[in-house]
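Reviewing the structure listed below.
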Amino acid sequence: MPEIRTILATDCGSTTTKAILITKQDGSYRLTSRGEAPTTVEAPFDDVTVGVTNAVREVEELSKRKLLDADGKVAVAADEGDEGADLYLSTSSAGGGLQMTVAGVVKAMSAESAQRAALGAGAIILDVIAVDDGRKDYQKVERIRQLRPDMILMSGGTDGGTINHLVELAEMLVSADPKPRLGIGLNLPVIYAGNKDAYPAVAELLENRVSLRKVDNLRPTLERENLLPAREAIHELFLEHVMQQAPGYGKLSSWVSTGIMSTPNAVGKIMQTIAAQRNITVLGVDIGGATTDVFSVFKSLQGDSIYNRTVSANLGMSYSICNVLMEAKAENIRRWLPFSVSDAELRNQLRNKMIRPTTIPQRMEDLQIEQAVSREALRLAFEHHKSLARGLTGVQQTRTIGDAMTQGGTGLTLVNMMSLDMIVGSGGVLSHAPRRAQSALMMMDAYQPEGVTLLTVDSIFMMPQLGILSTVQPEAATEVFERDCLIYLGTCVAPVGTGKEGDACVTVEVAGSSTAVPYGSIKVIPLGFVTGDDGEPKRAEATITPARGFDVGNGKGRSRTVTVTGGLSGIIIDARGRPLTLPTDDAMRLRKIKEWMAAMDIPVDAPNA
Amino acid sequence: MGSAYTPGLTVSGRTVIEKTRRLPLKGAVLVQEGELVVPTTVIARTELPGLMQTVKLAEQLGVEPNELTSALRVSTGDMIEKGQLLAQTKGLFGFFKSEFKSPVAGKLEMVSEQTGHLGIRMPPTPIEKDAYVSGVVQSVVPEEGAVIRCVGALVQGIFGVGGERQGVIRAVTSSQDATLDESAITPECKGNILIGGQCVTLAALRAAAACGAAGIVVGGVVDSDLMEFMRSELKDPGFDIGVAITGHEPIPLTLVVTEGFGPIRMADRTYSLLQSLNGRAAAINGATQIRAGVIRPEVIVADADQAAAVAPPAADAGELRIGTPIRVIREPYFGALGSVTGLPSELTQVDSETWVRVLNAALQDGRTVTVPRANVEIIVT
């Protein structure tokens, strides 16, 4: 196989198509150019390749390398010269991404497993239908008919168990006669991942009405979840049905060197790779204009790494900004602002962003409002994630007396902030914040990391392209990720506990220097990079000693010595307490918000204000 | 040179408007290419299959699902009348028979020996798609609908609520700065599309809905007033708009906002054009979709004689040049009109410390300003 020296990768987002060019220089892969153009899946173009060509043309201009042939098609080279790319890959979330409805017998068991399977495959869930979801049958039938998803995932029953509920679900589908979102006149793809014994009866009902595909049961026993076959089937159907029906995707599919991957699926690959290669726990987020995806790799009680991905389809920074307002409420957005604003002003401003989603905050206060909204969007999406990233419900557990004392029950969330090693932030508001410290503070406020946590962001939002690259050229993906994608912000040290403003909270000793931070404050110890202001971050041994009543991972009042990683901010000692509570008095809250911003070197006012 | 990221809204006294009118399901198209249509002309028709009513028959009769077949008095494919006998058990020595009559009319589509359920498909619901505007059938989309080409005036708004309606345009405010309040609403407003200025009050919205007005077109609306109106009309105290996908709300009138949220003076061109159309029959639609596949709300006034209508030349839009007339669509100069005086290619840092591509503009009030290119829209002339 010839050596891969030039890799072109595009990500077709709902608004923007981004192209990156990676080349092998002096033995290692580096990002060399980036271009972008509006996505063109809608009228008047109705062809995704127009936007791809425009974005690649920008890369051509910047890199001085010819990448398009005479017909405007991406040239996948096998060319020894300075033309074309050796590999061309693409991801896509354009046209609303992959939209699914999932159905299961028991809401908290098979339906929840089906939901995890679909989310992990990069889907947006339109609804979860379950036999016991509390709705009347006719309501469910009407809902199934109304939704018009790209596909349905049907699950339920353990292998060898009862089949009646599955047949009832199939009857409901027959009754609703659902149609796919794309391709008028086509049969809706339905993946069956339930009790294998119920399949013949289900198939008899659904045959010729939908496009039915059977995979292994995703919950073969109560104790076991088997999501991979369902996820693979979703991905295949996504390529076969959804992509082929979306405007221009048939053409794009013929250009790429390997199948088009859904954007969140690709980002998920990267998150899993980081966790596996470093043997750490990771929390990742991609906050976009319409949706916020959350990814995590945490350890189960048995020590296995468990990957979860959720999508909050209507939490975003432009199209969905008013949904954040609706769910979070104005007062929760306002609490993060260093100035006062009335509800009416805030609501009108966010509505105007919703109707003109591509506008950019020109004034400092407008930026601060958007960053306040982002904290709430991140927080709400994380709450959603925690509710799904959990152990299996319904599992009979054999417990020792010790277990019984420490476990609350089955279905507990896997998210344990004290054990979290790293947060990776991505998406416009985090990747393009004017100051990287603003990204760090947004993530600290929204996620409230506990103990010792490394904070990073995606430099220019190229994780989707690196995600798909990792499936064919893992070495190239890792090199570019480490050198050009991941920006180290620093390590957040956050004691868990509450106290009184100004009381002793934590002392951090680094390189023989001791820094005491009182409760209610943030302090930053500079710790940058080995050379320059990016690349390999400095690392240092730090002894963290919490005051009585506070915990940094070793128990209340017990010190901990760890290696901390530097970055653009350094070691951020967040002694505001966990859970973080903002002062209820407005004047005091404003004072504290400004104080925390100053500690992070974030301006409150515009430079020339 | 450079592109405007936000396409300008069309405000034109005479333009070509193409409306694609499609059924949600395949059906029959009732018009032909070149045919003249009026708003009420039915373009296409189909039938939405009725929902299937599931009858838990075995449970009702007290028999096992696999015993159901012998009790059935109907077969798959039969048309069933409401009250018709569906099944009867043999009983014991001819006595204690159980029977069950159909609760609905429809076609027996499914009998399951697995669950003992029957599925009766209820009669289909006819669906028709009308032309919505006067015009000529430009092309037929086989089995789905048609594209109607209409020559006339078009005003696109930025946001709206409420669906397609027909009405007569009625100017009810004295200027584009005026607030449309309830004093302007009279019984004569019934069936009219009311043209306001910078804002409409909550009381005026309620009065217009009560008198049967077809729609309101206004520069701005205060968000809390609109939500209050929607909550009371929909009888849903929790109603709010999270994502801008609107047009399906069952409210008695259609609202089109031309500028944005808050009191905002209606742009001069929009206001003058709507005034000039006073008394003309119009189509209005509040449907807005700001995510993929942008749909903006609109008011369309078709030329009287579509058969004789000649298409005006297409406007050149989307390209920013020195001298291009623009409107700023975000603070701190929100709503200001001006023209482009410079298009620096390098990134420039604005007050929020964001590095962006900007343009320089001379505003009509005499100020010279620098704004992100993303924060302007081109005024289509």
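The chains in the structure tokens are called A, B, ... from first to last as shown; in each chain the residues are counted from 1, and the ligands are counted from 1 in the order shown.
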**Members of range 247-310 of chain A assigned alpha helix (DSSP H) by DSSP, as a VMD selection string** = chain A and resid 249 to 255 263 to 278
Pull the closest atom pair for each residue of chain A that gets at most 6 Å from chain B, along with the distance in Å to one decimal, counting only C-alpha atoms, ordering rows by chain and then ascending residue number, as a tab-separated table.
```
residue	atom	partner	partner_atom	distance
A:Glu42	CA	B:Gly293	CA	5.4
A:Asn164	CA	B:Thr115	CA	5.9
A:Ser175	CA	B:Met52	CA	4.5
A:Ser320	CA	B:Val243	CA	5.2
A:Cys322	CA	B:Gly242	CA	4.7
A:Asn323	CA	B:Gly242	CA	3.7
A:Asn348	CA	B:Phe261	CA	5.2
A:Thr359	CA	B:Asn375	CA	5.0
A:Gln362	CA	B:Ser352	CA	5.5
A:Arg363	CA	B:Ser352	CA	5.0
A:Met364	CA	B:Ser352	CA	4.0
A:Pro434	CA	B:Thr354	CA	5.1
A:Ala606	CA	B:Asp351	CA	5.3
```
**Message:** I need the strand (DSSP E or B) residues of range 47-106 of chain A per DSSP on the backbone, written as number ranges by chain.
**Reply:** A: 66, 68, 74, 76, 83, 85, 87-92, 98-104
Would you export the selected residues with all heavy atoms as a short mmCIF file (atom, residue, chain, number, x, y, z; two decimals), in the first residue's frame, please?
```cif
data_model
loop_
_atom_site.label_atom_id
_atom_site.label_comp_id
_atom_site.auth_asym_id
_atom_site.auth_seq_id
_atom_site.Cartn_x
_atom_site.Cartn_y
_atom_site.Cartn_z
N LYS A 66 -3.30 21.69 -5.57
CA LYS A 66 -4.52 21.45 -6.32
C LYS A 66 -5.21 20.19 -5.78
O LYS A 66 -4.61 19.12 -5.74
CB LYS A 66 -4.17 21.28 -7.80
CG LYS A 66 -5.37 21.40 -8.71
CD LYS A 66 -4.94 21.64 -10.15
CE LYS A 66 -6.07 21.37 -11.13
NZ LYS A 66 -7.38 21.89 -10.73
N LEU A 68 -8.83 19.75 -6.40
CA LEU A 68 -10.05 19.49 -7.16
C LEU A 68 -9.68 19.24 -8.62
O LEU A 68 -8.76 19.88 -9.14
CB LEU A 68 -10.98 20.71 -7.08
CG LEU A 68 -11.47 21.08 -5.68
CD1 LEU A 68 -12.09 22.48 -5.67
CD2 LEU A 68 -12.50 20.07 -5.19
N VAL A 74 -13.37 16.33 -5.77
CA VAL A 74 -12.15 16.11 -4.99
C VAL A 74 -11.33 15.01 -5.66
O VAL A 74 -11.85 13.93 -5.96
CB VAL A 74 -12.50 15.72 -3.54
CG1 VAL A 74 -11.25 15.27 -2.79
CG2 VAL A 74 -13.15 16.88 -2.81
N VAL A 76 -8.87 12.24 -5.57
CA VAL A 76 -8.18 11.30 -4.69
C VAL A 76 -7.08 10.69 -5.54
O VAL A 76 -7.32 9.99 -6.51
CB VAL A 76 -9.11 10.22 -4.12
CG1 VAL A 76 -8.32 9.29 -3.21
CG2 VAL A 76 -10.22 10.87 -3.34
N GLU A 83 -0.52 17.22 -6.57
CA GLU A 83 -1.96 17.36 -6.82
C GLU A 83 -2.76 16.29 -6.09
O GLU A 83 -2.27 15.18 -5.88
CB GLU A 83 -2.24 17.27 -8.32
CG GLU A 83 -1.73 18.48 -9.07
CD GLU A 83 -2.24 18.53 -10.50
OE1 GLU A 83 -3.09 17.68 -10.85
OE2 GLU A 83 -1.79 19.41 -11.24
N ALA A 85 -5.34 14.45 -3.12
CA ALA A 85 -5.07 13.94 -1.78
C ALA A 85 -4.98 12.42 -1.86
O ALA A 85 -5.63 11.81 -2.71
CB ALA A 85 -6.20 14.35 -0.84
N LEU A 87 -5.92 10.49 0.48
CA LEU A 87 -7.07 9.97 1.21
C LEU A 87 -8.07 11.10 1.36
O LEU A 87 -7.68 12.22 1.71
CB LEU A 87 -6.57 9.53 2.60
CG LEU A 87 -7.40 8.60 3.45
CD1 LEU A 87 -7.61 7.27 2.74
CD2 LEU A 87 -6.68 8.38 4.78
N TYR A 88 -9.33 10.84 1.07
CA TYR A 88 -10.35 11.87 1.29
C TYR A 88 -11.47 11.25 2.15
O TYR A 88 -12.05 10.23 1.80
CB TYR A 88 -10.92 12.41 -0.03
CG TYR A 88 -12.12 13.30 0.20
CD1 TYR A 88 -12.06 14.33 1.15
CD2 TYR A 88 -13.32 13.11 -0.47
CE1 TYR A 88 -13.15 15.13 1.40
CE2 TYR A 88 -14.43 13.91 -0.22
CZ TYR A 88 -14.33 14.91 0.72
OH TYR A 88 -15.43 15.70 1.00
N LEU A 89 -11.76 11.91 3.28
CA LEU A 89 -12.75 11.40 4.23
C LEU A 89 -13.78 12.48 4.52
O LEU A 89 -13.47 13.67 4.43
CB LEU A 89 -12.06 11.03 5.55
CG LEU A 89 -10.82 10.14 5.45
CD1 LEU A 89 -10.05 10.17 6.76
CD2 LEU A 89 -11.24 8.72 5.10
N SER A 90 -14.97 12.06 4.91
CA SER A 90 -15.96 13.08 5.28
C SER A 90 -16.91 12.59 6.38
O SER A 90 -17.24 11.40 6.44
CB SER A 90 -16.78 13.52 4.06
OG SER A 90 -17.51 14.69 4.39
N THR A 91 -17.28 13.53 7.19
CA THR A 91 -18.33 13.29 8.19
C THR A 91 -19.48 14.24 7.88
O THR A 91 -19.29 15.21 7.14
CB THR A 91 -17.83 13.56 9.62
OG1 THR A 91 -17.36 14.91 9.68
CG2 THR A 91 -16.71 12.63 10.01
N SER A 92 -20.64 13.98 8.46
CA SER A 92 -21.76 14.87 8.17
C SER A 92 -22.81 14.87 9.27
O SER A 92 -23.12 13.83 9.84
CB SER A 92 -22.44 14.45 6.87
OG SER A 92 -23.59 15.24 6.68
N LEU A 98 -28.90 12.45 11.86
CA LEU A 98 -29.64 11.19 11.83
C LEU A 98 -30.73 11.27 12.90
O LEU A 98 -30.44 11.41 14.08
CB LEU A 98 -28.67 10.04 12.12
CG LEU A 98 -29.25 8.68 12.48
CD1 LEU A 98 -30.07 8.14 11.33
CD2 LEU A 98 -28.14 7.71 12.83
N GLN A 99 -31.98 11.19 12.48
CA GLN A 99 -33.09 11.35 13.42
C GLN A 99 -33.80 10.01 13.60
O GLN A 99 -34.22 9.42 12.61
CB GLN A 99 -34.05 12.42 12.89
CG GLN A 99 -33.34 13.76 12.72
CD GLN A 99 -34.26 14.87 12.24
OE1 GLN A 99 -35.48 14.70 12.18
NE2 GLN A 99 -33.67 16.00 11.91
N MET A 100 -33.90 9.59 14.85
CA MET A 100 -34.47 8.26 15.12
C MET A 100 -35.56 8.28 16.18
O MET A 100 -35.58 9.14 17.06
CB MET A 100 -33.36 7.31 15.63
CG MET A 100 -32.36 6.94 14.58
SD MET A 100 -31.17 5.75 15.21
CE MET A 100 -32.19 4.31 15.51
N THR A 101 -36.43 7.30 16.07
CA THR A 101 -37.37 7.01 17.15
C THR A 101 -36.97 5.64 17.68
O THR A 101 -36.64 4.75 16.89
CB THR A 101 -38.81 6.95 16.61
OG1 THR A 101 -39.12 8.22 16.05
CG2 THR A 101 -39.80 6.63 17.70
N VAL A 102 -36.95 5.48 19.00
CA VAL A 102 -36.64 4.16 19.54
C VAL A 102 -37.85 3.64 20.30
O VAL A 102 -38.62 4.42 20.87
CB VAL A 102 -35.38 4.14 20.44
CG1 VAL A 102 -34.16 4.59 19.68
CG2 VAL A 102 -35.56 4.96 21.69
N ALA A 103 -38.00 2.34 20.27
CA ALA A 103 -39.14 1.73 20.95
C ALA A 103 -38.65 0.54 21.75
O ALA A 103 -37.74 -0.18 21.33
CB ALA A 103 -40.18 1.28 19.92
N GLY A 104 -39.23 0.36 22.91
CA GLY A 104 -38.87 -0.77 23.75
C GLY A 104 -40.04 -1.18 24.59
O GLY A 104 -41.09 -0.52 24.58
#
```
**Item:** Residues within 12 Å of Asn208 in chain A, only C-alpha atoms, excluding chain neighbours under 3 positions, as a list in words
**Value:**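 Skipping anything fewer than 3 positions along the chain leaves Val174, Asp177, Leu186, Asn187, Leu188, Pro189, Val190, Val202, Ala203, Glu204, Leu205, Ser211, Leu212 and Arg213 of chain A.
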What lies within 10 Å of Asn416 in chain A using only C-alpha atoms, ignoring chain neighbours under 6 positions off, as a compact mmCIF listing (two decimals) with N, CA and C atoms, in the first residue's frame?
```
# COMPACT_ATOMS: atom_id res chain seq x y z
N THR A 281 -10.28 8.77 32.53
CA THR A 281 -11.70 9.05 32.35
C THR A 281 -11.82 10.42 31.69
N PHE A 298 -16.29 6.69 31.59
CA PHE A 298 -16.09 6.53 33.04
C PHE A 298 -15.89 5.06 33.35
N LYS A 299 -15.49 4.78 34.55
CA LYS A 299 -15.27 3.38 34.95
C LYS A 299 -16.51 2.86 35.69
N LYS A 386 -26.00 12.70 32.49
CA LYS A 386 -25.89 11.93 33.74
C LYS A 386 -27.08 10.99 33.91
N PRO A 449 -16.10 20.64 38.02
CA PRO A 449 -15.19 19.52 38.26
C PRO A 449 -14.75 19.47 39.72
N GLU A 450 -14.50 18.27 40.20
CA GLU A 450 -14.13 18.09 41.62
C GLU A 450 -12.73 17.49 41.69
```
**Item:** Spatial neighbours of Gly520 in chain A, 7 Å, only C-alpha atoms, chain gap at least 5 places, as a PyMOL selection string
**Value:** chain A and resi 501-502+575-577
Go ahead and write the selection's residues with N, CA, C and O atoms as a PDB file, in the first residue's frame.
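The result, stored in selection10.pdb:
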```
ATOM      1  N   GLU A 501     -17.228  32.475  53.351  1.00  0.00           N
ATOM      2  CA  GLU A 501     -16.374  33.345  52.550  1.00  0.00           C
ATOM      3  C   GLU A 501     -15.138  33.759  53.356  1.00  0.00           C
ATOM      4  O   GLU A 501     -15.250  34.236  54.490  1.00  0.00           O
ATOM      5  N   GLY A 502     -13.968  33.529  52.787  1.00  0.00           N
ATOM      6  CA  GLY A 502     -12.716  33.977  53.414  1.00  0.00           C
ATOM      7  C   GLY A 502     -12.077  32.952  54.336  1.00  0.00           C
ATOM      8  O   GLY A 502     -10.907  33.082  54.706  1.00  0.00           O
ATOM      9  N   ALA A 575     -11.591  27.566  44.630  1.00  0.00           N
ATOM     10  CA  ALA A 575     -12.007  27.346  46.026  1.00  0.00           C
ATOM     11  C   ALA A 575     -13.396  27.925  46.274  1.00  0.00           C
ATOM     12  O   ALA A 575     -13.696  28.418  47.362  1.00  0.00           O
ATOM     13  N   ARG A 576     -14.238  27.867  45.242  1.00  0.00           N
ATOM     14  CA  ARG A 576     -15.603  28.400  45.402  1.00  0.00           C
ATOM     15  C   ARG A 576     -16.536  27.377  46.041  1.00  0.00           C
ATOM     16  O   ARG A 576     -17.710  27.668  46.287  1.00  0.00           O
ATOM     17  N   GLY A 577     -15.985  26.168  46.260  1.00  0.00           N
ATOM     18  CA  GLY A 577     -16.797  25.139  46.920  1.00  0.00           C
ATOM     19  C   GLY A 577     -17.601  24.311  45.952  1.00  0.00           C
ATOM     20  O   GLY A 577     -17.888  24.719  44.836  1.00  0.00           O
TER      21      GLY A 577
END
```
**Message:** What's the separation between CA of Gly183 in chain A and CA of Gly163 in chain B, in Å to one decimal place?
**Reply:** 25.3 Å
**Request:** Name all residues at most 10 Å from Gln275 in chain B (count only C-alpha atoms; drop same-chain ones fewer than 5 positions away) and give them as a list in words.
**Result:**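 Skipping anything fewer than 5 positions along the chain leaves Ile169, Arg170, Ala171, Val172, Thr173, Ser175, Ile195, Gly196, Arg269 and Thr270 of chain B.
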Would you output that residue set with N, CA, C and O atoms, as a PDB file, in the first residue's frame?
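Contents of out-v6.pdb, as written:
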```pdb
ATOM      1  N   ILE B 169     -55.275  43.934   2.599  1.00  0.00           N
ATOM      2  CA  ILE B 169     -54.329  44.761   3.348  1.00  0.00           C
ATOM      3  C   ILE B 169     -54.994  46.053   3.811  1.00  0.00           C
ATOM      4  O   ILE B 169     -55.705  46.719   3.044  1.00  0.00           O
ATOM      5  N   ARG B 170     -54.760  46.389   5.086  1.00  0.00           N
ATOM      6  CA  ARG B 170     -55.374  47.588   5.656  1.00  0.00           C
ATOM      7  C   ARG B 170     -54.334  48.294   6.529  1.00  0.00           C
ATOM      8  O   ARG B 170     -53.870  47.737   7.528  1.00  0.00           O
ATOM      9  N   ALA B 171     -53.972  49.500   6.121  1.00  0.00           N
ATOM     10  CA  ALA B 171     -52.998  50.279   6.892  1.00  0.00           C
ATOM     11  C   ALA B 171     -53.721  50.907   8.080  1.00  0.00           C
ATOM     12  O   ALA B 171     -54.728  51.590   7.896  1.00  0.00           O
ATOM     13  N   VAL B 172     -53.231  50.663   9.293  1.00  0.00           N
ATOM     14  CA  VAL B 172     -53.960  51.165  10.469  1.00  0.00           C
ATOM     15  C   VAL B 172     -53.094  52.058  11.373  1.00  0.00           C
ATOM     16  O   VAL B 172     -53.550  52.482  12.420  1.00  0.00           O
ATOM     17  N   THR B 173     -51.855  52.313  10.990  1.00  0.00           N
ATOM     18  CA  THR B 173     -51.049  53.244  11.795  1.00  0.00           C
ATOM     19  C   THR B 173     -50.579  54.389  10.913  1.00  0.00           C
ATOM     20  O   THR B 173     -50.543  54.277   9.690  1.00  0.00           O
ATOM     21  N   SER B 175     -47.543  55.949  10.963  1.00  0.00           N
ATOM     22  CA  SER B 175     -46.144  55.959  10.518  1.00  0.00           C
ATOM     23  C   SER B 175     -45.463  54.666  10.930  1.00  0.00           C
ATOM     24  O   SER B 175     -46.008  53.892  11.719  1.00  0.00           O
ATOM     25  N   ILE B 195     -51.584  46.569   8.918  1.00  0.00           N
ATOM     26  CA  ILE B 195     -50.191  46.999   8.830  1.00  0.00           C
ATOM     27  C   ILE B 195     -49.903  48.001   9.947  1.00  0.00           C
ATOM     28  O   ILE B 195     -50.535  49.060  10.018  1.00  0.00           O
ATOM     29  N   GLY B 196     -48.964  47.626  10.808  1.00  0.00           N
ATOM     30  CA  GLY B 196     -48.608  48.502  11.930  1.00  0.00           C
ATOM     31  C   GLY B 196     -47.252  49.141  11.711  1.00  0.00           C
ATOM     32  O   GLY B 196     -46.682  49.075  10.616  1.00  0.00           O
ATOM     33  N   ARG B 269     -38.654  51.094   3.457  1.00  0.00           N
ATOM     34  CA  ARG B 269     -39.073  50.464   2.197  1.00  0.00           C
ATOM     35  C   ARG B 269     -40.234  49.508   2.424  1.00  0.00           C
ATOM     36  O   ARG B 269     -41.188  49.466   1.658  1.00  0.00           O
ATOM     37  N   THR B 270     -40.135  48.759   3.508  1.00  0.00           N
ATOM     38  CA  THR B 270     -41.187  47.780   3.809  1.00  0.00           C
ATOM     39  C   THR B 270     -42.496  48.514   4.082  1.00  0.00           C
ATOM     40  O   THR B 270     -43.552  48.151   3.549  1.00  0.00           O
TER      41      THR B 270
END
```
